[in-house]
$ cat query_8.cif   # mmCIF, C-alpha atoms
data_final
#
loop_
_atom_site.label_atom_id
_atom_site.label_comp_id
_atom_site.auth_asym_id
_atom_site.auth_seq_id
_atom_site.Cartn_x
_atom_site.Cartn_y
_atom_site.Cartn_z
CA MET A 162 -4.28 32.37 -117.35
CA ALA A 163 -0.57 31.74 -117.81
CA GLN A 164 1.32 30.52 -114.78
CA GLN A 165 3.44 33.27 -113.26
CA VAL A 166 7.12 32.76 -114.11
CA ARG A 167 8.26 34.38 -110.87
CA TYR A 168 6.49 31.60 -108.97
CA HIS A 169 8.42 29.01 -110.98
CA MET A 170 11.65 30.81 -110.09
CA ILE A 171 10.68 30.78 -106.42
CA GLY A 172 9.86 27.07 -106.71
CA LEU A 173 13.25 26.29 -108.21
CA LEU A 174 15.02 28.28 -105.52
CA PHE A 175 12.96 26.45 -102.89
CA CYS A 176 14.05 23.08 -104.32
CA GLY A 177 17.65 24.28 -104.36
CA SER A 178 17.51 25.31 -100.71
CA VAL A 179 16.03 21.88 -99.85
CA ILE A 180 19.00 20.16 -101.49
CA ASN A 181 21.41 22.64 -99.94
CA TYR A 182 20.25 21.84 -96.43
CA ILE A 183 20.00 18.11 -96.93
CA ASP A 184 23.62 18.39 -98.00
CA ARG A 185 24.78 20.27 -94.92
CA VAL A 186 22.64 18.43 -92.33
CA ASN A 187 23.46 14.91 -93.54
CA ILE A 188 26.72 14.76 -91.58
CA SER A 189 25.06 15.80 -88.31
CA VAL A 190 22.42 13.07 -88.68
CA ALA A 191 25.10 10.52 -89.60
CA ALA A 192 27.47 11.73 -86.86
CA PRO A 193 26.57 9.16 -84.16
CA VAL A 194 27.23 6.30 -86.61
CA MET A 195 30.36 7.90 -88.05
CA MET A 196 31.88 8.58 -84.64
CA GLN A 197 31.21 5.02 -83.54
CA GLU A 198 32.55 3.42 -86.74
CA ILE A 199 35.60 5.64 -87.24
CA GLY A 200 36.36 6.09 -83.54
CA TRP A 201 36.61 9.90 -83.38
CA PRO A 202 35.59 11.59 -80.07
CA LYS A 203 33.09 14.47 -79.71
CA ASP A 204 35.63 17.26 -79.34
CA GLN A 205 37.37 16.13 -82.54
CA PHE A 206 34.08 15.80 -84.40
CA GLY A 207 33.15 19.29 -83.22
CA TRP A 208 35.91 20.46 -85.59
CA VAL A 209 34.25 18.57 -88.46
CA PHE A 210 31.08 20.56 -87.81
CA SER A 211 32.82 23.89 -87.32
CA ILE A 212 35.30 23.69 -90.22
CA PHE A 213 32.28 23.74 -92.50
CA LEU A 214 31.37 27.12 -91.02
CA ILE A 215 34.84 28.55 -91.62
CA GLY A 216 34.42 27.70 -95.29
CA TYR A 217 30.81 28.92 -95.16
CA ALA A 218 32.01 32.37 -94.09
CA LEU A 219 34.57 32.59 -96.89
CA LEU A 220 32.49 33.54 -99.94
CA GLN A 221 29.29 34.98 -98.44
CA LEU A 222 30.10 38.60 -99.18
CA PRO A 223 31.98 38.04 -102.47
CA GLY A 224 29.15 35.79 -103.67
CA GLY A 225 26.57 38.45 -102.87
CA VAL A 226 28.58 41.25 -104.51
CA ILE A 227 29.15 39.20 -107.67
CA ALA A 228 25.46 38.28 -107.84
CA ASP A 229 24.44 41.95 -107.43
CA ARG A 230 26.83 43.21 -110.11
CA TRP A 231 27.02 40.27 -112.51
CA SER A 232 24.74 37.23 -112.37
CA GLY A 233 22.95 35.47 -109.54
CA ARG A 234 22.09 32.67 -111.93
CA HIS A 235 25.75 31.90 -112.64
CA VAL A 236 26.76 32.26 -108.98
CA LEU A 237 24.17 29.65 -107.97
CA THR A 238 25.32 27.33 -110.76
CA LEU A 239 28.94 27.52 -109.57
CA ALA A 240 27.91 27.05 -105.93
CA PHE A 241 25.83 23.92 -106.54
CA CYS A 242 28.44 22.30 -108.77
CA GLY A 243 31.14 22.95 -106.17
CA PHE A 244 29.42 21.73 -103.04
CA SER A 245 27.97 18.71 -104.84
CA LEU A 246 31.44 17.67 -106.01
CA PHE A 247 32.99 17.87 -102.54
CA THR A 248 29.99 16.15 -100.97
CA LEU A 249 30.61 13.31 -103.40
CA LEU A 250 34.23 13.10 -102.19
CA THR A 251 33.43 13.34 -98.45
CA PRO A 252 33.48 9.56 -97.71
CA LEU A 253 37.17 9.52 -98.63
CA GLY A 254 37.73 11.54 -95.46
CA GLN A 255 37.21 8.46 -93.30
CA TRP A 256 40.83 7.52 -94.03
CA SER A 257 42.29 10.88 -92.98
CA PHE A 258 40.94 13.42 -90.51
CA PRO A 259 42.67 16.39 -92.25
CA LEU A 260 41.19 15.23 -95.57
CA LEU A 261 37.67 15.16 -94.10
CA LEU A 262 38.22 18.65 -92.70
CA ALA A 263 39.33 19.86 -96.15
CA PHE A 264 36.25 18.42 -97.87
CA ARG A 265 33.86 19.89 -95.29
CA PHE A 266 35.63 23.27 -95.58
CA LEU A 267 35.14 23.27 -99.36
CA VAL A 268 31.51 22.19 -99.09
CA GLY A 269 30.96 25.17 -96.80
CA ALA A 270 32.85 27.56 -99.08
CA PHE A 271 30.70 26.76 -102.12
CA GLU A 272 27.46 26.69 -100.14
CA SER A 273 28.28 30.13 -98.74
CA MET A 274 27.39 31.78 -102.04
CA THR A 275 23.88 30.34 -102.34
CA PHE A 276 21.74 32.48 -100.03
CA PRO A 277 23.32 35.88 -100.84
CA ALA A 278 22.79 35.07 -104.53
CA THR A 279 19.19 34.04 -103.80
CA ALA A 280 18.54 37.36 -102.03
CA SER A 281 20.02 39.23 -104.98
CA LEU A 282 17.89 37.32 -107.51
CA ASN A 283 14.68 37.77 -105.56
CA ALA A 284 15.30 41.52 -105.24
CA ARG A 285 15.18 41.60 -109.07
CA TRP A 286 12.18 39.30 -109.43
CA ILE A 287 9.82 39.96 -106.52
CA PRO A 288 7.80 43.15 -105.86
CA ARG A 289 8.35 44.56 -102.38
CA GLN A 290 4.77 43.88 -101.25
CA GLU A 291 5.31 40.16 -101.96
CA PHE A 292 8.94 39.92 -100.92
CA GLY A 293 8.64 38.59 -97.37
CA ARG A 294 6.38 35.70 -98.29
CA ALA A 295 8.15 34.88 -101.57
CA HIS A 296 11.71 35.11 -100.29
CA THR A 297 11.08 33.19 -97.09
CA PHE A 298 9.37 30.46 -99.12
CA SER A 299 12.30 30.32 -101.54
CA ILE A 300 14.71 29.73 -98.65
CA SER A 301 12.29 27.67 -96.54
CA GLY A 302 13.95 24.60 -97.98
CA ILE A 303 16.39 25.10 -95.12
CA THR A 304 13.65 23.65 -92.91
CA VAL A 305 12.10 21.24 -95.42
CA GLY A 306 15.59 20.00 -96.28
CA GLN A 307 16.15 19.16 -92.65
CA MET A 308 12.74 17.48 -92.43
CA ILE A 309 13.75 15.29 -95.36
CA ALA A 310 17.36 14.84 -94.24
CA TYR A 311 16.48 13.19 -90.95
CA PRO A 312 14.40 10.26 -92.23
CA LEU A 313 16.24 10.03 -95.57
CA THR A 314 19.69 9.94 -94.00
CA THR A 315 18.69 7.46 -91.30
CA TRP A 316 16.95 5.26 -93.89
CA ILE A 317 19.99 5.26 -96.20
CA ILE A 318 22.30 4.43 -93.29
CA LEU A 319 20.07 1.61 -92.05
CA GLN A 320 19.59 0.20 -95.57
CA SER A 321 23.12 0.76 -96.88
CA SER A 322 25.86 2.82 -95.20
CA TRP A 323 26.68 6.33 -94.06
CA GLN A 324 28.93 6.73 -97.13
CA MET A 325 25.94 6.27 -99.46
CA VAL A 326 24.29 9.32 -97.90
CA PHE A 327 26.87 11.62 -99.48
CA TYR A 328 26.66 9.97 -102.90
CA VAL A 329 22.87 10.42 -103.03
CA ASN A 330 23.07 14.05 -101.89
CA ALA A 331 25.68 14.91 -104.52
CA LEU A 332 23.52 13.45 -107.28
CA MET A 333 20.57 15.63 -106.23
CA GLY A 334 22.72 18.74 -106.47
CA PHE A 335 23.92 18.00 -110.00
CA LEU A 336 20.37 17.27 -111.18
CA TRP A 337 19.17 20.61 -109.80
CA VAL A 338 21.89 22.46 -111.71
CA ALA A 339 20.70 20.94 -114.99
CA VAL A 340 17.13 22.17 -114.45
CA TRP A 341 18.30 25.58 -113.23
CA LEU A 342 20.44 26.24 -116.30
CA TRP A 343 17.56 25.23 -118.56
CA TYR A 344 14.93 27.50 -116.98
CA ALA A 345 16.30 30.38 -114.88
CA SER A 346 17.29 33.92 -115.83
CA ASP A 347 18.71 36.85 -113.90
CA THR A 348 15.86 39.28 -114.57
CA PRO A 349 12.24 39.12 -115.79
CA ARG A 350 13.16 40.95 -118.98
CA GLN A 351 15.66 38.20 -119.91
CA HIS A 352 13.18 35.34 -119.43
CA PRO A 353 11.78 33.94 -122.70
CA ARG A 354 8.58 32.53 -121.13
CA ILE A 355 7.35 35.55 -119.16
CA THR A 356 4.26 37.44 -120.29
CA ALA A 357 4.40 41.17 -120.93
CA ALA A 358 1.82 41.74 -118.18
CA GLU A 359 3.86 39.94 -115.52
CA ARG A 360 7.08 41.60 -116.63
CA ASP A 361 5.51 45.07 -116.49
CA TYR A 362 3.96 44.37 -113.08
CA ILE A 363 7.29 43.28 -111.60
CA GLU A 364 9.26 46.17 -113.10
CA ALA A 365 6.69 48.69 -111.83
CA ASN A 366 7.04 47.43 -108.27
CA ILE A 367 10.80 47.01 -107.86
CA ALA A 368 13.35 49.79 -107.76
CA PRO A 369 14.92 50.29 -111.20
CA LYS A 370 18.60 49.60 -111.48
CA PRO A 371 20.63 52.78 -110.85
CA THR A 372 22.58 54.20 -113.76
CA THR A 373 25.83 54.09 -111.78
CA ALA A 374 27.13 51.27 -109.57
CA LEU A 375 26.29 51.78 -105.90
CA PRO A 376 29.42 52.06 -103.74
CA LEU A 377 30.01 48.95 -101.67
CA ARG A 378 31.26 51.10 -98.79
CA LEU A 379 27.60 51.85 -98.00
CA VAL A 380 27.28 48.30 -96.67
CA PHE A 381 30.25 48.67 -94.33
CA THR A 382 29.49 52.19 -93.05
CA THR A 383 25.80 51.88 -92.15
CA LEU A 384 25.72 51.54 -88.36
CA PRO A 385 22.20 50.02 -88.00
CA LEU A 386 23.18 47.34 -90.51
CA LEU A 387 26.32 46.49 -88.55
CA VAL A 388 24.32 46.34 -85.31
CA LEU A 389 21.82 44.02 -86.97
CA ALA A 390 24.73 41.85 -88.09
CA LEU A 391 25.82 41.64 -84.43
CA ALA A 392 22.34 40.34 -83.57
CA TYR A 393 22.63 37.75 -86.29
CA MET A 394 25.98 36.63 -84.87
CA CYS A 395 24.17 35.75 -81.64
CA PHE A 396 21.32 34.13 -83.56
CA ALA A 397 23.68 32.04 -85.67
CA TYR A 398 25.58 30.82 -82.60
CA ILE A 399 22.35 29.22 -81.37
CA GLY A 400 21.17 28.07 -84.78
CA TRP A 401 24.32 26.23 -85.82
CA LEU A 402 24.77 24.64 -82.39
CA PHE A 403 21.21 23.34 -82.56
CA LEU A 404 21.52 22.22 -86.18
CA PHE A 405 24.65 20.11 -85.66
CA TRP A 406 24.20 18.75 -82.12
CA PHE A 407 20.43 18.27 -81.89
CA PRO A 408 20.45 14.72 -83.39
CA THR A 409 23.24 13.55 -81.07
CA TYR A 410 21.44 15.10 -78.09
CA LEU A 411 18.29 13.08 -78.78
CA VAL A 412 20.27 9.86 -79.22
CA GLU A 413 22.74 10.20 -76.33
CA ALA A 414 21.11 12.47 -73.74
CA ARG A 415 17.52 11.32 -74.23
CA GLY A 416 18.26 7.72 -75.21
CA LEU A 417 16.24 7.65 -78.42
CA PRO A 418 17.08 5.19 -81.22
CA LEU A 419 18.30 6.56 -84.54
CA SER A 420 15.00 5.81 -86.32
CA VAL A 421 12.91 7.69 -83.72
CA MET A 422 15.32 10.63 -83.78
CA GLY A 423 14.79 10.86 -87.54
CA THR A 424 11.02 10.98 -87.14
CA ILE A 425 11.19 13.68 -84.47
CA GLY A 426 13.38 15.75 -86.78
CA ILE A 427 10.48 15.96 -89.25
CA PHE A 428 8.23 17.65 -86.69
CA VAL A 429 10.92 19.96 -85.33
CA HIS A 430 11.84 21.26 -88.75
CA GLY A 431 8.22 21.30 -89.88
CA ALA A 432 7.63 23.82 -87.10
CA ALA A 433 10.61 25.81 -88.40
CA PHE A 434 9.03 25.89 -91.88
CA CYS A 435 5.82 27.31 -90.43
CA GLY A 436 7.76 29.89 -88.42
CA LEU A 437 9.93 30.98 -91.35
CA VAL A 438 7.22 31.33 -94.01
CA GLY A 439 4.63 32.49 -91.49
CA GLY A 440 6.98 35.18 -90.22
CA GLY A 441 7.66 36.45 -93.74
CA THR A 442 3.97 36.46 -94.63
CA LEU A 443 3.04 38.28 -91.43
CA ALA A 444 5.75 40.88 -92.06
CA ASP A 445 4.32 41.57 -95.55
CA TRP A 446 0.84 41.95 -94.04
CA LEU A 447 2.12 44.38 -91.42
CA LEU A 448 3.98 46.48 -94.01
CA ARG A 449 0.88 46.72 -96.23
CA ARG A 450 -1.05 48.06 -93.25
CA GLY A 451 1.45 50.76 -92.44
CA TRP A 452 3.63 49.14 -89.79
CA SER A 453 7.27 50.19 -89.90
CA PRO A 454 10.01 48.00 -91.41
CA GLN A 455 11.68 48.14 -87.99
CA PHE A 456 8.74 46.33 -86.40
CA ALA A 457 7.96 43.97 -89.30
CA ARG A 458 11.53 42.91 -90.09
CA ALA A 459 13.26 43.19 -86.69
CA ARG A 460 11.10 43.72 -83.61
CA LEU A 461 8.68 40.95 -84.57
CA GLY A 462 11.63 38.53 -84.53
CA GLY A 463 12.72 39.84 -81.14
CA ILE A 464 9.28 39.11 -79.70
CA ALA A 465 9.29 35.58 -81.14
CA LEU A 466 12.79 34.91 -79.82
CA THR A 467 11.82 36.14 -76.35
CA VAL A 468 9.04 33.56 -76.25
CA ALA A 469 11.27 30.85 -77.77
CA LEU A 470 14.08 30.93 -75.19
CA PRO A 471 12.02 29.67 -72.21
CA CYS A 472 10.94 26.76 -74.43
CA LEU A 473 14.60 25.92 -75.06
CA LEU A 474 15.40 25.86 -71.36
CA ALA A 475 12.28 23.83 -70.62
CA ALA A 476 13.32 21.25 -73.23
CA ALA A 477 16.66 20.81 -71.49
CA THR A 478 15.29 20.49 -67.96
CA VAL A 479 12.02 18.53 -68.12
CA PRO A 480 12.45 14.84 -67.23
CA SER A 481 9.85 13.67 -69.76
CA VAL A 482 11.20 12.85 -73.21
CA THR A 483 7.80 13.65 -74.74
CA LEU A 484 7.68 17.11 -73.15
CA CYS A 485 11.28 17.70 -74.19
CA VAL A 486 10.34 17.07 -77.82
CA VAL A 487 7.25 19.30 -77.56
CA PHE A 488 9.31 22.18 -76.18
CA LEU A 489 11.98 21.70 -78.86
CA ILE A 490 9.28 21.90 -81.55
CA LEU A 491 7.88 25.12 -80.03
CA PHE A 492 11.36 26.60 -79.66
CA TYR A 493 12.44 25.98 -83.24
CA GLY A 494 9.18 27.26 -84.73
CA LEU A 495 9.40 30.56 -82.82
CA PHE A 496 13.15 30.79 -83.39
CA SER A 497 12.54 30.62 -87.15
CA VAL A 498 10.17 33.62 -87.06
CA ALA A 499 13.24 35.67 -86.18
CA LEU A 500 15.11 34.10 -89.11
CA SER A 501 12.44 35.38 -91.51
CA GLY A 502 13.31 38.93 -90.47
CA PHE A 503 17.05 38.47 -90.92
CA ALA A 504 16.43 36.87 -94.32
CA THR A 505 14.26 39.70 -95.71
CA VAL A 506 15.64 42.84 -94.08
CA ALA A 507 18.22 43.45 -96.83
CA ILE A 508 15.59 44.76 -99.23
CA GLU A 509 14.59 47.42 -96.69
CA PHE A 510 18.14 48.75 -96.51
CA ASN A 511 18.74 48.72 -100.30
CA PRO A 512 17.39 46.19 -102.86
CA HIS A 513 20.32 46.74 -105.25
CA LEU A 514 22.79 45.77 -102.57
CA ALA A 515 20.65 42.90 -101.26
CA GLY A 516 23.21 40.21 -102.04
CA ALA A 517 26.06 42.15 -100.45
CA ILE A 518 23.98 43.09 -97.38
CA PHE A 519 22.83 39.54 -96.78
CA GLY A 520 26.36 38.34 -97.47
CA LEU A 521 27.75 40.67 -94.80
CA ILE A 522 25.13 39.63 -92.22
CA ASN A 523 25.62 35.95 -92.95
CA THR A 524 29.42 36.21 -92.97
CA LEU A 525 29.54 37.69 -89.49
CA GLY A 526 26.87 35.27 -88.34
CA THR A 527 28.87 32.35 -89.64
CA PHE A 528 32.00 33.43 -87.78
CA ALA A 529 29.99 33.41 -84.56
CA GLY A 530 28.17 30.26 -85.61
CA PHE A 531 31.52 28.54 -85.90
CA LEU A 532 31.83 28.83 -82.13
CA GLY A 533 28.47 27.18 -81.46
CA PRO A 534 29.12 23.56 -82.41
CA LEU A 535 32.81 23.84 -81.50
CA THR A 536 32.27 25.13 -77.95
CA ALA A 537 29.44 22.64 -77.44
CA GLY A 538 31.80 19.83 -78.43
CA TYR A 539 34.38 20.93 -75.84
CA MET A 540 31.72 21.46 -73.16
CA LEU A 541 30.38 17.96 -73.71
CA ALA A 542 33.80 16.34 -73.91
CA GLY A 543 34.95 18.11 -70.75
CA THR A 544 31.86 17.80 -68.56
CA GLY A 545 29.42 15.41 -70.26
CA ASN A 546 26.70 17.87 -69.17
CA TRP A 547 24.15 18.57 -71.91
CA LEU A 548 22.53 21.38 -69.88
CA LEU A 549 25.55 23.63 -70.32
CA PRO A 550 25.17 24.27 -74.09
CA PHE A 551 21.44 24.95 -73.62
CA PHE A 552 21.95 27.59 -70.93
CA VAL A 553 24.80 29.29 -72.79
CA SER A 554 22.58 29.44 -75.89
CA ALA A 555 19.76 31.02 -73.90
CA GLY A 556 22.09 33.73 -72.61
CA VAL A 557 23.29 34.53 -76.14
CA GLY A 558 19.64 34.60 -77.27
CA VAL A 559 18.79 37.32 -74.75
CA VAL A 560 21.43 39.56 -76.33
CA CYS A 561 20.02 38.87 -79.81
CA ALA A 562 16.43 39.64 -78.82
CA THR A 563 17.45 42.89 -77.12
CA ILE A 564 19.20 44.14 -80.26
CA LEU A 565 16.19 43.23 -82.42
CA TYR A 566 13.94 45.33 -80.20
CA LEU A 567 16.19 48.38 -80.49
CA VAL A 568 17.90 48.38 -83.91
CA PRO A 569 16.53 50.90 -86.45
CA VAL A 570 15.79 49.63 -89.97
CA ARG A 571 16.13 52.51 -92.43
CA PRO A 572 16.95 52.65 -96.16
CA ILE A 573 20.54 53.33 -97.13
CA ARG A 574 20.11 56.68 -98.89
CA THR A 575 21.55 57.27 -102.34
CA GLU A 576 20.54 60.34 -104.32
CA ALA A 577 20.28 58.52 -107.65
CA LEU A 578 17.94 55.89 -106.26
CA GLU A 579 15.78 57.88 -103.83
CA PRO A 580 12.98 59.03 -106.23
CA ALA A 581 12.53 55.49 -107.56
CA MET A 582 12.50 53.97 -104.07
CA THR A 583 9.87 56.46 -102.93
CA ALA A 584 7.66 55.55 -105.88
CA VAL A 585 8.00 51.81 -105.21
CA ARG A 586 7.13 52.19 -101.52
CA THR A 587 4.09 54.27 -102.45
CA ALA A 588 2.94 51.61 -104.93
CA ALA A 589 3.44 48.87 -102.33
CA HIS A 590 0.91 50.54 -100.04
#
$ encode --input "query_8.cif" --output "structure tokens"
Amino acid sequence: MAQQVRYHMIGLLFCGSVINYIDRVNISVAAPVMMQEIGWPKDQFGWVFSIFLIGYALLQLPGGVIADRWSGRHVLTLAFCGFSLFTLLTPLGQWSFPLLLAFRFLVGAFESMTFPATASLNARWIPRQEFGRAHTFSISGITVGQMIAYPLTTWIILQSSWQMVFYVNALMGFLWVAVWLWYASDTPRQHPRITAAERDYIEANIAPKPTTALPLRLVFTTLPLLVLALAYMCFAYIGWLFLFWFPTYLVEARGLPLSVMGTIGIFVHGAAFCGLVGGGTLADWLLRRGWSPQFARARLGGIALTVALPCLLAAATVPSVTLCVVFLILFYGLFSVALSGFATVAIEFNPHLAGAIFGLINTLGTFAGFLGPLTAGYMLAGTGNWLLPFFVSAGVGVVCATILYLVPVRPIRTEALEPAMTAVRTAAH
């Protein structure tokens, strides 16, 4: 039996998300060494973390819209070429703080297009009954990339220098682009290697493209979608704070050496992989058995987040380093179940606006996420108290979980698309 082409596409997207996250996490793992060698304080380096997020908010929505209406394949190509180039140039920023900020801003701007374009591509390639598992796996490189980034970055620093980290990461991005251009296509019908049986199966289980372009105003005028975006703003505040400051916390607050911190990062982000893919798979299972999209894509994440927040507070307050690490692993695994819902909910609102919907959610989340590492940097510089960022994050998490319990998840209705969407949902069950 021929290997399914859609699985190869998912595999390529997975590899791309691995490289994407190695590229964005590398500076947080290298931060303790960089700050010591260059002499920049925590509040100043908080701007290095957060300027990335300003750039990361810039092209989320435009990238998703362009992928929906033109080509997700080309959007991803442009994104990877751009962020790989400016990653390559990042070490030059050691000579000028504004120059480093500019490079990190541009890395964020090009990376901002990747996940909206991925959502748009998967909406064209993956039947709804497989979407949660397939899409969360395709983006699960965000966890695997972090698992790899911790030991890889620490090893490169210990064997060579922190500058070499950025050169290696840039090379990986350019190599991925070469493979992507050789193999990928925007739709199953355009792919030269797909079988007729697989193409027909996919096209029978996704909504056909409408004859007229769907108005983008639908994305901005759907109240439940905007409320869900507010929840993601809270979620992203916690996620980006954790992503950028977690390595420094283990080294400075818990007294762990760089090599041990890198090993712990593998387990923490391994738990996130299980939570992300497991959450998407469970959501698919629930939908096939008649559970509502509201429960499978939103409320399930709210339950997981409710259980995760006590683990976060326990990690900050227990005196034992071992227990701290255990609670951090539990927190991040459960936290990532909620991410699986945010990542897949766009298809429930409208699959033909998936890139724009995810772009909107991620744009607003990134604006809030910008505050996470920045405020943590000022809290730490002003008080030296690591408990403060943890407790603020827990409070923000309560707001996020509450919204996920309550927000309705309903399709954005369009007359031209409604008969096709009804048929696809019937086939999915």
$ residues_around --input "query_8.cif" --residues "range 344-354 of chain A" --least-positions-apart "3" --cutoff "10 Å" --atoms "only C-alpha atoms" --output "PDB file with C-alpha atoms, in the frame of the given file"
ATOM      1  CA  ALA A 163      -0.570  31.740-117.810  1.00  0.00           C
ATOM      2  CA  GLN A 164       1.320  30.520-114.780  1.00  0.00           C
ATOM      3  CA  GLN A 165       3.440  33.270-113.260  1.00  0.00           C
ATOM      4  CA  VAL A 166       7.120  32.760-114.110  1.00  0.00           C
ATOM      5  CA  ARG A 167       8.260  34.380-110.870  1.00  0.00           C
ATOM      6  CA  HIS A 169       8.420  29.010-110.980  1.00  0.00           C
ATOM      7  CA  MET A 170      11.650  30.810-110.090  1.00  0.00           C
ATOM      8  CA  LEU A 173      13.250  26.290-108.210  1.00  0.00           C
ATOM      9  CA  LEU A 174      15.020  28.280-105.520  1.00  0.00           C
ATOM     10  CA  ALA A 228      25.460  38.280-107.840  1.00  0.00           C
ATOM     11  CA  TRP A 231      27.020  40.270-112.510  1.00  0.00           C
ATOM     12  CA  SER A 232      24.740  37.230-112.370  1.00  0.00           C
ATOM     13  CA  GLY A 233      22.950  35.470-109.540  1.00  0.00           C
ATOM     14  CA  ARG A 234      22.090  32.670-111.930  1.00  0.00           C
ATOM     15  CA  HIS A 235      25.750  31.900-112.640  1.00  0.00           C
ATOM     16  CA  SER A 281      20.020  39.230-104.980  1.00  0.00           C
ATOM     17  CA  LEU A 282      17.890  37.320-107.510  1.00  0.00           C
ATOM     18  CA  ASN A 283      14.680  37.770-105.560  1.00  0.00           C
ATOM     19  CA  ALA A 284      15.300  41.520-105.240  1.00  0.00           C
ATOM     20  CA  ARG A 285      15.180  41.600-109.070  1.00  0.00           C
ATOM     21  CA  TRP A 286      12.180  39.300-109.430  1.00  0.00           C
ATOM     22  CA  ILE A 287       9.820  39.960-106.520  1.00  0.00           C
ATOM     23  CA  ALA A 339      20.700  20.940-114.990  1.00  0.00           C
ATOM     24  CA  VAL A 340      17.130  22.170-114.450  1.00  0.00           C
ATOM     25  CA  TRP A 341      18.300  25.580-113.230  1.00  0.00           C
ATOM     26  CA  ALA A 357       4.400  41.170-120.930  1.00  0.00           C
ATOM     27  CA  GLU A 359       3.860  39.940-115.520  1.00  0.00           C
ATOM     28  CA  ARG A 360       7.080  41.600-116.630  1.00  0.00           C
ATOM     29  CA  ASP A 361       5.510  45.070-116.490  1.00  0.00           C
ATOM     30  CA  ILE A 363       7.290  43.280-111.600  1.00  0.00           C
ATOM     31  CA  GLU A 364       9.260  46.170-113.100  1.00  0.00           C
TER      32      GLU A 364
END
$ residues_around --input "query_8.cif" --residues "Ile399 in chain A" --least-positions-apart "2" --cutoff "9 Å" --atoms "all atoms listed in the file" --output "NGL selection string"
:A and (394-397 or 401-404 or 530 or 533-534 or 551 or 553-555 or 557-558)
$ residues_around --input "query_8.cif" --residues "Cys485 in chain A" --least-positions-apart "4" --cutoff "9 Å" --atoms "only C-alpha atoms" --output "VMD selection string"
chain A and resid 415 473 475 to 481 489 to 490
$ axis_aligned_box --input "query_8.cif" --around "range 272-280 of chain A" --padding-each-side "5 Å" --output "lines of an AutoDock Vina configuration file"
center_x = 23.4
center_y = 32.0
center_z = -101.6
size_x = 19.7
size_y = 20.7
size_z = 15.8
$ atom_distance --input "query_8.cif" --atom1 "CA of Thr527 in chain A" --atom2 "CA of Leu470 in chain A"
20.7 Å
$ residues_around --input "query_8.cif" --residues "Phe213 in chain A" --least-positions-apart "6" --cutoff "12 Å" --atoms "all atoms listed in the file" --output "PDB file with C-alpha atoms, in the coordinates of the input"
ATOM      1  CA  ASP A 184      23.620  18.390 -98.000  1.00  0.00           C
ATOM      2  CA  ARG A 185      24.780  20.270 -94.920  1.00  0.00           C
ATOM      3  CA  VAL A 186      22.640  18.430 -92.330  1.00  0.00           C
ATOM      4  CA  ILE A 188      26.720  14.760 -91.580  1.00  0.00           C
ATOM      5  CA  SER A 189      25.060  15.800 -88.310  1.00  0.00           C
ATOM      6  CA  PHE A 206      34.080  15.800 -84.400  1.00  0.00           C
ATOM      7  CA  GLY A 207      33.150  19.290 -83.220  1.00  0.00           C
ATOM      8  CA  LEU A 219      34.570  32.590 -96.890  1.00  0.00           C
ATOM      9  CA  PHE A 244      29.420  21.730-103.040  1.00  0.00           C
ATOM     10  CA  PHE A 247      32.990  17.870-102.540  1.00  0.00           C
ATOM     11  CA  THR A 248      29.990  16.150-100.970  1.00  0.00           C
ATOM     12  CA  LEU A 261      37.670  15.160 -94.100  1.00  0.00           C
ATOM     13  CA  LEU A 262      38.220  18.650 -92.700  1.00  0.00           C
ATOM     14  CA  ALA A 263      39.330  19.860 -96.150  1.00  0.00           C
ATOM     15  CA  PHE A 264      36.250  18.420 -97.870  1.00  0.00           C
ATOM     16  CA  ARG A 265      33.860  19.890 -95.290  1.00  0.00           C
ATOM     17  CA  PHE A 266      35.630  23.270 -95.580  1.00  0.00           C
ATOM     18  CA  LEU A 267      35.140  23.270 -99.360  1.00  0.00           C
ATOM     19  CA  VAL A 268      31.510  22.190 -99.090  1.00  0.00           C
ATOM     20  CA  GLY A 269      30.960  25.170 -96.800  1.00  0.00           C
ATOM     21  CA  ALA A 270      32.850  27.560 -99.080  1.00  0.00           C
ATOM     22  CA  PHE A 271      30.700  26.760-102.120  1.00  0.00           C
ATOM     23  CA  GLU A 272      27.460  26.690-100.140  1.00  0.00           C
ATOM     24  CA  SER A 273      28.280  30.130 -98.740  1.00  0.00           C
ATOM     25  CA  TRP A 401      24.320  26.230 -85.820  1.00  0.00           C
ATOM     26  CA  PHE A 405      24.650  20.110 -85.660  1.00  0.00           C
ATOM     27  CA  THR A 527      28.870  32.350 -89.640  1.00  0.00           C
ATOM     28  CA  PHE A 528      32.000  33.430 -87.780  1.00  0.00           C
ATOM     29  CA  GLY A 530      28.170  30.260 -85.610  1.00  0.00           C
ATOM     30  CA  PHE A 531      31.520  28.540 -85.900  1.00  0.00           C
ATOM     31  CA  LEU A 532      31.830  28.830 -82.130  1.00  0.00           C
ATOM     32  CA  PRO A 534      29.120  23.560 -82.410  1.00  0.00           C
ATOM     33  CA  LEU A 535      32.810  23.840 -81.500  1.00  0.00           C
TER      34      LEU A 535
END
$ closest_atom_pairs --input "query_8.cif" --of "range 289-313 of chain A" --to "range 429-446 of chain A" --cutoff "7 Å" --atoms "all atoms listed in the file" --output "Markdown table"
| residue | atom | partner | partner_atom | distance |
| --- | --- | --- | --- | --- |
| A:Gln290 | CA | A:Asp445 | CA | 6.2 |
| A:Glu291 | CA | A:Asp445 | CA | 6.6 |
| A:Gly293 | CA | A:Gly441 | CA | 4.3 |
| A:Arg294 | CA | A:Thr442 | CA | 4.4 |
| A:Thr297 | CA | A:Val438 | CA | 5.3 |
| A:Phe298 | CA | A:Val438 | CA | 5.6 |
| A:Ser301 | CA | A:Phe434 | CA | 6.0 |
| A:Thr304 | CA | A:His430 | CA | 5.1 |
| A:Val305 | CA | A:Phe434 | CA | 6.6 |
| A:Gln307 | CA | A:His430 | CA | 6.2 |
| A:Met308 | CA | A:His430 | CA | 5.4 |
